>>> print(open('target.txt').read())   # compact mmCIF, C-alpha atoms
# COMPACT_ATOMS: atom_id res chain seq x y z
CA MET L 281 0.00 0.00 0.00
CA LYS L 282 2.95 2.37 0.67
CA ARG L 283 4.14 1.90 -2.91
CA GLN L 284 0.63 2.68 -4.21
CA ARG L 285 0.50 5.81 -2.08
CA LEU L 286 3.87 7.02 -3.37
CA LEU L 287 2.88 6.36 -6.98
CA LEU L 288 -0.44 8.11 -6.41
CA ALA L 289 1.25 11.15 -4.86
CA ALA L 290 3.77 11.34 -7.71
CA ALA L 291 1.06 11.09 -10.35
CA ILE L 292 -1.07 13.75 -8.68
CA ALA L 293 1.95 16.01 -8.26
CA ALA L 294 2.74 15.68 -11.95
CA ALA L 295 -0.87 16.35 -12.92
CA LEU L 296 -1.51 19.27 -10.59
CA GLY L 297 1.82 20.71 -9.50
CA MET L 298 3.23 20.75 -5.96
CA ASN L 299 1.15 23.65 -4.61
CA ALA L 300 -2.05 21.92 -5.63
CA ILE L 301 -0.80 18.66 -4.10
CA ARG L 302 -0.24 20.34 -0.74
CA ALA L 303 -3.76 21.76 -0.86
CA GLU L 304 -5.23 18.38 -1.79
CA ALA L 305 -3.30 16.62 0.98
CA ALA L 306 -4.52 19.20 3.47
CA SER L 307 -8.05 18.57 2.19
CA GLY L 308 -7.94 14.91 3.08
CA ILE L 309 -6.56 12.68 0.34
CA ASP L 310 -4.30 11.00 2.90
CA ALA L 311 -7.21 10.49 5.28
CA CYS L 312 -9.34 9.12 2.43
CA MET L 313 -6.60 6.73 1.32
CA ASP L 314 -6.20 5.47 4.90
CA THR L 315 -9.96 5.01 5.36
CA VAL L 316 -10.50 3.30 2.01
CA SER L 317 -7.47 1.00 2.46
CA ALA L 318 -8.57 -0.03 5.95
CA GLN L 319 -12.17 -0.78 5.01
CA TYR L 320 -11.65 -2.16 1.49
CA PRO L 321 -8.25 -3.89 1.30
CA GLY L 322 -7.01 -4.51 -2.21
CA ASN L 323 -5.45 -2.57 -5.07
CA VAL L 324 -6.38 1.00 -5.95
CA VAL L 325 -6.51 1.08 -9.76
CA LYS L 326 -7.86 4.60 -10.27
CA VAL L 327 -8.51 7.76 -8.27
CA GLU L 328 -10.74 10.60 -9.46
CA ARG L 329 -11.50 13.95 -7.93
CA LYS L 330 -14.91 15.41 -8.57
CA ILE L 331 -17.10 18.16 -7.28
CA GLU L 332 -20.35 16.86 -5.81
CA GLY L 333 -22.83 19.33 -4.33
CA GLY L 334 -20.06 21.95 -4.31
CA GLU L 335 -17.79 19.70 -2.23
CA PRO L 336 -14.58 17.94 -3.35
CA ILE L 337 -14.90 14.16 -3.40
CA TYR L 338 -12.32 11.49 -4.18
CA GLU L 339 -13.54 8.34 -5.89
CA PHE L 340 -11.28 5.32 -5.51
CA ASP L 341 -11.68 2.32 -7.82
CA VAL L 342 -10.48 -0.62 -5.75
CA ARG L 343 -10.08 -4.22 -6.82
CA GLY L 344 -10.82 -5.83 -3.49
CA LYS L 345 -9.11 -8.87 -2.08
CA ASP L 346 -12.52 -10.53 -2.44
CA GLY L 347 -12.17 -10.15 -6.25
CA LYS L 348 -14.92 -7.54 -6.53
CA MET L 349 -14.43 -4.08 -8.00
CA TYR L 350 -15.60 -1.19 -5.81
CA ASP L 351 -16.15 2.52 -6.50
CA ILE L 352 -15.67 4.19 -3.13
CA GLU L 353 -16.37 7.89 -2.63
CA CYS L 354 -14.70 9.79 0.19
CA SER L 355 -15.13 13.38 1.37
CA ALA L 356 -11.98 15.43 0.80
CA LYS L 357 -12.99 17.57 3.77
CA THR L 358 -13.69 14.87 6.36
CA GLY L 359 -11.81 11.81 5.10
CA LYS L 360 -14.99 9.73 5.55
CA ILE L 361 -16.53 7.35 3.05
CA THR L 362 -19.74 8.78 1.63
CA GLU L 363 -20.78 6.10 -0.87
CA VAL L 364 -19.81 2.57 -1.93
CA GLU L 365 -20.87 0.92 -5.17
CA GLU L 366 -19.92 -2.43 -6.61
CA GLU L 367 -18.87 -2.23 -10.23
CA VAL L 368 -19.79 -5.22 -12.41
CA GLU L 369 -18.17 -6.04 -15.74
CA THR L 370 -21.24 -6.12 -17.99
CA PRO L 371 -24.93 -5.24 -17.99
CA ASP L 372 -25.56 -9.01 -18.20
CA HIS L 373 -24.41 -9.50 -14.59
CA PRO L 374 -27.41 -11.20 -12.88
CA ARG L 375 -27.76 -8.62 -10.07
CA PHE L 376 -27.60 -5.77 -12.59
CA LYS L 377 -29.77 -7.39 -15.26
CA GLU L 378 -32.65 -8.15 -12.88
CA LYS L 379 -33.13 -4.40 -12.24
CA VAL L 380 -32.87 -3.13 -15.83
CA LYS L 381 -35.91 -1.50 -17.40
CA PHE L 382 -33.90 1.01 -19.47
CA SER L 383 -31.37 -0.32 -21.98
CA LEU L 384 -27.83 0.95 -22.28
CA ASP L 385 -28.77 2.87 -25.44
CA GLN L 386 -31.75 4.49 -23.71
CA ALA L 387 -29.59 5.45 -20.72
CA LYS L 388 -26.94 6.93 -23.05
CA GLU L 389 -29.60 9.03 -24.76
CA ILE L 390 -30.92 10.28 -21.41
CA ALA L 391 -27.42 11.22 -20.21
CA LEU L 392 -26.43 12.92 -23.47
CA GLN L 393 -29.67 14.92 -23.69
CA LYS L 394 -28.84 16.55 -20.36
CA HIS L 395 -25.03 16.62 -20.78
CA PRO L 396 -24.08 16.67 -24.49
CA GLY L 397 -20.65 15.46 -25.48
CA LYS L 398 -18.67 12.29 -26.07
CA ILE L 399 -18.97 9.27 -23.76
CA VAL L 400 -15.43 8.15 -22.86
CA GLU L 401 -16.26 5.55 -20.21
CA ILE L 402 -19.23 3.41 -19.16
CA GLU L 403 -19.57 1.56 -15.87
CA TYR L 404 -22.30 -0.75 -14.59
CA GLU L 405 -22.86 -0.35 -10.88
CA ILE L 406 -24.79 -1.97 -8.08
CA GLU L 407 -25.63 0.66 -5.48
CA SER L 408 -25.45 -0.02 -1.74
CA ASP L 409 -29.28 -0.38 -1.70
CA GLY L 410 -29.17 -2.96 -4.53
CA ALA L 411 -30.27 -0.56 -7.30
CA ALA L 412 -28.51 -0.76 -10.66
CA SER L 413 -27.15 2.25 -12.51
CA TYR L 414 -25.20 3.14 -15.61
CA GLU L 415 -22.38 5.62 -15.04
CA PHE L 416 -21.10 7.61 -18.00
CA ASP L 417 -18.04 9.82 -18.20
CA ILE L 418 -18.92 12.47 -20.78
CA VAL L 419 -16.48 15.02 -22.17
CA GLY L 420 -18.35 18.15 -23.26
CA LYS L 421 -17.41 20.55 -26.05
CA ASP L 422 -15.81 22.77 -23.39
CA GLY L 423 -13.40 19.92 -22.53
CA LYS L 424 -14.88 19.40 -19.06
CA GLU L 425 -15.72 15.88 -17.98
CA MET L 426 -19.01 15.05 -16.28
CA LYS L 427 -19.84 11.82 -14.45
CA VAL L 428 -23.50 11.12 -15.10
CA GLU L 429 -25.32 8.28 -13.35
CA VAL L 430 -28.61 7.00 -14.79
CA ASP L 431 -30.81 4.65 -12.75
CA ALA L 432 -31.29 1.47 -14.82
CA THR L 433 -34.80 0.93 -13.45
CA THR L 434 -36.30 4.44 -13.55
CA GLY L 435 -34.22 6.06 -16.29
CA LYS L 436 -33.69 9.11 -14.08
CA ILE L 437 -30.38 10.89 -13.72
CA VAL L 438 -29.51 10.32 -10.07
CA GLU L 439 -26.16 12.07 -10.07
CA ALA L 440 -24.18 14.42 -12.33
CA ASN L 441 -20.84 15.82 -11.19
CA GLU L 442 -17.83 17.48 -12.75
CA GLU L 443 -14.67 15.36 -12.68
CA THR L 444 -11.64 17.61 -12.16
CA TRP L 445 -8.86 15.01 -12.54
CA GLN L 446 -8.16 11.31 -12.78
CA ILE L 447 -5.14 9.13 -12.12
CA GLY L 448 -5.33 5.60 -13.51
CA ILE L 449 -7.00 3.84 -16.40
CA GLU L 450 -10.47 4.54 -17.83
>>> encode(input="target.txt", output="structure tokens")
Amino acid sequence: MKRQRLLLAAAIAAALGMNAIRAEAASGIDACMDTVSAQYPGNVVKVERKIEGGEPIYEFDVRGKDGKMYDIECSAKTGKITEVEEEVETPDHPRFKEKVKFSLDQAKEIALQKHPGKIVEIEYEIESDGAASYEFDIVGKDGKEMKVEVDATTGKIVEANEETWQIGIE
């Protein structure tokens, strides 16, 4: 985990510059990394920073020791976990598929109507309450990236946040 932390810090420093890194560290990335690592042991494969409700949030993609992939959100201000979702590989995963009433194409259309641009990533998620959602990373014409989550059962946008940076693979 120390090696991951050093690599993460180096990547963030390169992406943001040292002054920004000091501000981020003061805002809680270390606390978030400690909390996430303690509660969800495994390998961090990606970290994103987004603005949710005006607040900075870190989202860690963790391949758990249990073999599952988790998207874990943590408050940059408090260092506390605010949301945990299980990411599944395909929309054909049984727990995802049983909830689907809106197809992937329908969900894409819903997301792009509200946030036009190019979809650069799609994830299939099982929420902590068992609901299924599609999550799209959409790059708008202005170059900003939005994370847009569409409920697979209701077709409603349940979350839309600006992603400010990412370290790791899409």
>>> residues_around(input="target.txt", residues="region 391-397 of chain L", least_positions_apart="3", cutoff="7 Å", atoms="only C-alpha atoms", output="PyMOL selection string")
chain L and resi 387-388+418-421+428+430
>>> atom_distance(input="target.txt", atom1="CA of Gly435 (chain L)", atom2="CA of Ser383 (chain L)")
9.0 Å
>>> residues_around(input="target.txt", residues="Lys381 (chain L)", least_positions_apart="5", cutoff="9 Å", atoms="all atoms listed in the file", output="PyMOL selection string")
chain L and resi 432-435
>>> atom_distance(input="target.txt", atom1="CA of Ile390 (chain L)", atom2="CA of Asn441 (chain L)")
15.4 Å
>>> atom_distance(input="target.txt", atom1="CA of Glu332 (chain L)", atom2="CA of Arg375 (chain L)")
26.9 Å
>>> residues_near_point(input="target.txt", point="(-12.9, 17.7, -16.5)", cutoff="10 Å", atoms="only C-alpha atoms", output="number ranges by chain")
L: 329-330, 417-420, 422-427, 441-446
>>> decode(input="target.txt", residues="region 336-369 of chain L", atoms="N, CA and C atoms", output="PDB file, in the first residue's frame")
ATOM      1  N   PRO L 336     -15.532  18.844  -2.694  1.00  0.00           N
ATOM      2  CA  PRO L 336     -14.585  17.941  -3.352  1.00  0.00           C
ATOM      3  C   PRO L 336     -14.723  16.516  -2.801  1.00  0.00           C
ATOM      4  N   ILE L 337     -14.765  15.574  -3.734  1.00  0.00           N
ATOM      5  CA  ILE L 337     -14.905  14.155  -3.403  1.00  0.00           C
ATOM      6  C   ILE L 337     -13.832  13.384  -4.171  1.00  0.00           C
ATOM      7  N   TYR L 338     -13.215  12.413  -3.502  1.00  0.00           N
ATOM      8  CA  TYR L 338     -12.317  11.487  -4.183  1.00  0.00           C
ATOM      9  C   TYR L 338     -13.075  10.191  -4.398  1.00  0.00           C
ATOM     10  N   GLU L 339     -12.948   9.655  -5.602  1.00  0.00           N
ATOM     11  CA  GLU L 339     -13.540   8.345  -5.891  1.00  0.00           C
ATOM     12  C   GLU L 339     -12.408   7.378  -6.188  1.00  0.00           C
ATOM     13  N   PHE L 340     -12.304   6.348  -5.365  1.00  0.00           N
ATOM     14  CA  PHE L 340     -11.283   5.321  -5.509  1.00  0.00           C
ATOM     15  C   PHE L 340     -11.907   4.098  -6.174  1.00  0.00           C
ATOM     16  N   ASP L 341     -11.286   3.603  -7.244  1.00  0.00           N
ATOM     17  CA  ASP L 341     -11.677   2.324  -7.825  1.00  0.00           C
ATOM     18  C   ASP L 341     -10.720   1.295  -7.228  1.00  0.00           C
ATOM     19  N   VAL L 342     -11.285   0.360  -6.467  1.00  0.00           N
ATOM     20  CA  VAL L 342     -10.485  -0.616  -5.745  1.00  0.00           C
ATOM     21  C   VAL L 342     -10.870  -2.020  -6.189  1.00  0.00           C
ATOM     22  N   ARG L 343      -9.857  -2.790  -6.602  1.00  0.00           N
ATOM     23  CA  ARG L 343     -10.084  -4.218  -6.824  1.00  0.00           C
ATOM     24  C   ARG L 343      -9.821  -4.877  -5.482  1.00  0.00           C
ATOM     25  N   GLY L 344     -10.908  -5.286  -4.831  1.00  0.00           N
ATOM     26  CA  GLY L 344     -10.823  -5.830  -3.486  1.00  0.00           C
ATOM     27  C   GLY L 344     -10.167  -7.191  -3.444  1.00  0.00           C
ATOM     28  N   LYS L 345      -9.696  -7.543  -2.272  1.00  0.00           N
ATOM     29  CA  LYS L 345      -9.107  -8.869  -2.083  1.00  0.00           C
ATOM     30  C   LYS L 345     -10.142  -9.960  -2.293  1.00  0.00           C
ATOM     31  N   ASP L 346     -11.431  -9.583  -2.198  1.00  0.00           N
ATOM     32  CA  ASP L 346     -12.516 -10.534  -2.439  1.00  0.00           C
ATOM     33  C   ASP L 346     -12.790 -10.719  -3.933  1.00  0.00           C
ATOM     34  N   GLY L 347     -12.022 -10.013  -4.801  1.00  0.00           N
ATOM     35  CA  GLY L 347     -12.172 -10.149  -6.247  1.00  0.00           C
ATOM     36  C   GLY L 347     -13.169  -9.179  -6.855  1.00  0.00           C
ATOM     37  N   LYS L 348     -13.934  -8.490  -6.024  1.00  0.00           N
ATOM     38  CA  LYS L 348     -14.921  -7.543  -6.527  1.00  0.00           C
ATOM     39  C   LYS L 348     -14.265  -6.199  -6.801  1.00  0.00           C
ATOM     40  N   MET L 349     -14.893  -5.424  -7.695  1.00  0.00           N
ATOM     41  CA  MET L 349     -14.430  -4.077  -8.004  1.00  0.00           C
ATOM     42  C   MET L 349     -15.370  -3.104  -7.308  1.00  0.00           C
ATOM     43  N   TYR L 350     -14.810  -2.162  -6.555  1.00  0.00           N
ATOM     44  CA  TYR L 350     -15.601  -1.185  -5.807  1.00  0.00           C
ATOM     45  C   TYR L 350     -15.279   0.231  -6.264  1.00  0.00           C
ATOM     46  N   ASP L 351     -16.302   1.071  -6.339  1.00  0.00           N
ATOM     47  CA  ASP L 351     -16.149   2.515  -6.499  1.00  0.00           C
ATOM     48  C   ASP L 351     -16.495   3.103  -5.139  1.00  0.00           C
ATOM     49  N   ILE L 352     -15.496   3.703  -4.499  1.00  0.00           N
ATOM     50  CA  ILE L 352     -15.669   4.186  -3.128  1.00  0.00           C
ATOM     51  C   ILE L 352     -15.440   5.690  -3.114  1.00  0.00           C
ATOM     52  N   GLU L 353     -16.462   6.432  -2.703  1.00  0.00           N
ATOM     53  CA  GLU L 353     -16.370   7.889  -2.627  1.00  0.00           C
ATOM     54  C   GLU L 353     -16.035   8.304  -1.205  1.00  0.00           C
ATOM     55  N   CYS L 354     -15.176   9.325  -1.107  1.00  0.00           N
ATOM     56  CA  CYS L 354     -14.700   9.786   0.193  1.00  0.00           C
ATOM     57  C   CYS L 354     -14.648  11.313   0.185  1.00  0.00           C
ATOM     58  N   SER L 355     -15.138  11.921   1.244  1.00  0.00           N
ATOM     59  CA  SER L 355     -15.129  13.375   1.367  1.00  0.00           C
ATOM     60  C   SER L 355     -13.707  13.888   1.543  1.00  0.00           C
ATOM     61  N   ALA L 356     -13.304  14.826   0.682  1.00  0.00           N
ATOM     62  CA  ALA L 356     -11.976  15.432   0.799  1.00  0.00           C
ATOM     63  C   ALA L 356     -11.872  16.273   2.065  1.00  0.00           C
ATOM     64  N   LYS L 357     -12.997  16.727   2.569  1.00  0.00           N
ATOM     65  CA  LYS L 357     -12.988  17.570   3.770  1.00  0.00           C
ATOM     66  C   LYS L 357     -12.899  16.763   5.058  1.00  0.00           C
ATOM     67  N   THR L 358     -13.615  15.630   5.105  1.00  0.00           N
ATOM     68  CA  THR L 358     -13.686  14.868   6.363  1.00  0.00           C
ATOM     69  C   THR L 358     -12.869  13.587   6.362  1.00  0.00           C
ATOM     70  N   GLY L 359     -12.518  13.081   5.174  1.00  0.00           N
ATOM     71  CA  GLY L 359     -11.814  11.810   5.096  1.00  0.00           C
ATOM     72  C   GLY L 359     -12.708  10.611   5.353  1.00  0.00           C
ATOM     73  N   LYS L 360     -14.033  10.820   5.299  1.00  0.00           N
ATOM     74  CA  LYS L 360     -14.986   9.735   5.555  1.00  0.00           C
ATOM     75  C   LYS L 360     -15.610   9.246   4.255  1.00  0.00           C
ATOM     76  N   ILE L 361     -15.874   7.950   4.211  1.00  0.00           N
ATOM     77  CA  ILE L 361     -16.529   7.347   3.052  1.00  0.00           C
ATOM     78  C   ILE L 361     -17.973   7.826   2.995  1.00  0.00           C
ATOM     79  N   THR L 362     -18.391   8.271   1.810  1.00  0.00           N
ATOM     80  CA  THR L 362     -19.744   8.784   1.630  1.00  0.00           C
ATOM     81  C   THR L 362     -20.623   7.869   0.780  1.00  0.00           C
ATOM     82  N   GLU L 363     -19.996   6.997  -0.014  1.00  0.00           N
ATOM     83  CA  GLU L 363     -20.777   6.097  -0.873  1.00  0.00           C
ATOM     84  C   GLU L 363     -19.896   4.945  -1.326  1.00  0.00           C
ATOM     85  N   VAL L 364     -20.506   3.747  -1.425  1.00  0.00           N
ATOM     86  CA  VAL L 364     -19.812   2.569  -1.934  1.00  0.00           C
ATOM     87  C   VAL L 364     -20.721   1.902  -2.954  1.00  0.00           C
ATOM     88  N   GLU L 365     -20.150   1.627  -4.118  1.00  0.00           N
ATOM     89  CA  GLU L 365     -20.875   0.919  -5.173  1.00  0.00           C
ATOM     90  C   GLU L 365     -20.003  -0.248  -5.622  1.00  0.00           C
ATOM     91  N   GLU L 366     -20.651  -1.319  -6.021  1.00  0.00           N
ATOM     92  CA  GLU L 366     -19.923  -2.433  -6.612  1.00  0.00           C
ATOM     93  C   GLU L 366     -20.027  -2.294  -8.118  1.00  0.00           C
ATOM     94  N   GLU L 367     -18.887  -2.322  -8.779  1.00  0.00           N
ATOM     95  CA  GLU L 367     -18.869  -2.231 -10.234  1.00  0.00           C
ATOM     96  C   GLU L 367     -18.864  -3.647 -10.798  1.00  0.00           C
ATOM     97  N   VAL L 368     -19.764  -3.915 -11.757  1.00  0.00           N
ATOM     98  CA  VAL L 368     -19.790  -5.218 -12.410  1.00  0.00           C
ATOM     99  C   VAL L 368     -19.330  -5.045 -13.849  1.00  0.00           C
ATOM    100  N   GLU L 369     -18.819  -6.112 -14.431  1.00  0.00           N
ATOM    101  CA  GLU L 369     -18.170  -6.037 -15.742  1.00  0.00           C
ATOM    102  C   GLU L 369     -19.126  -5.713 -16.898  1.00  0.00           C
TER     103      GLU L 369
END
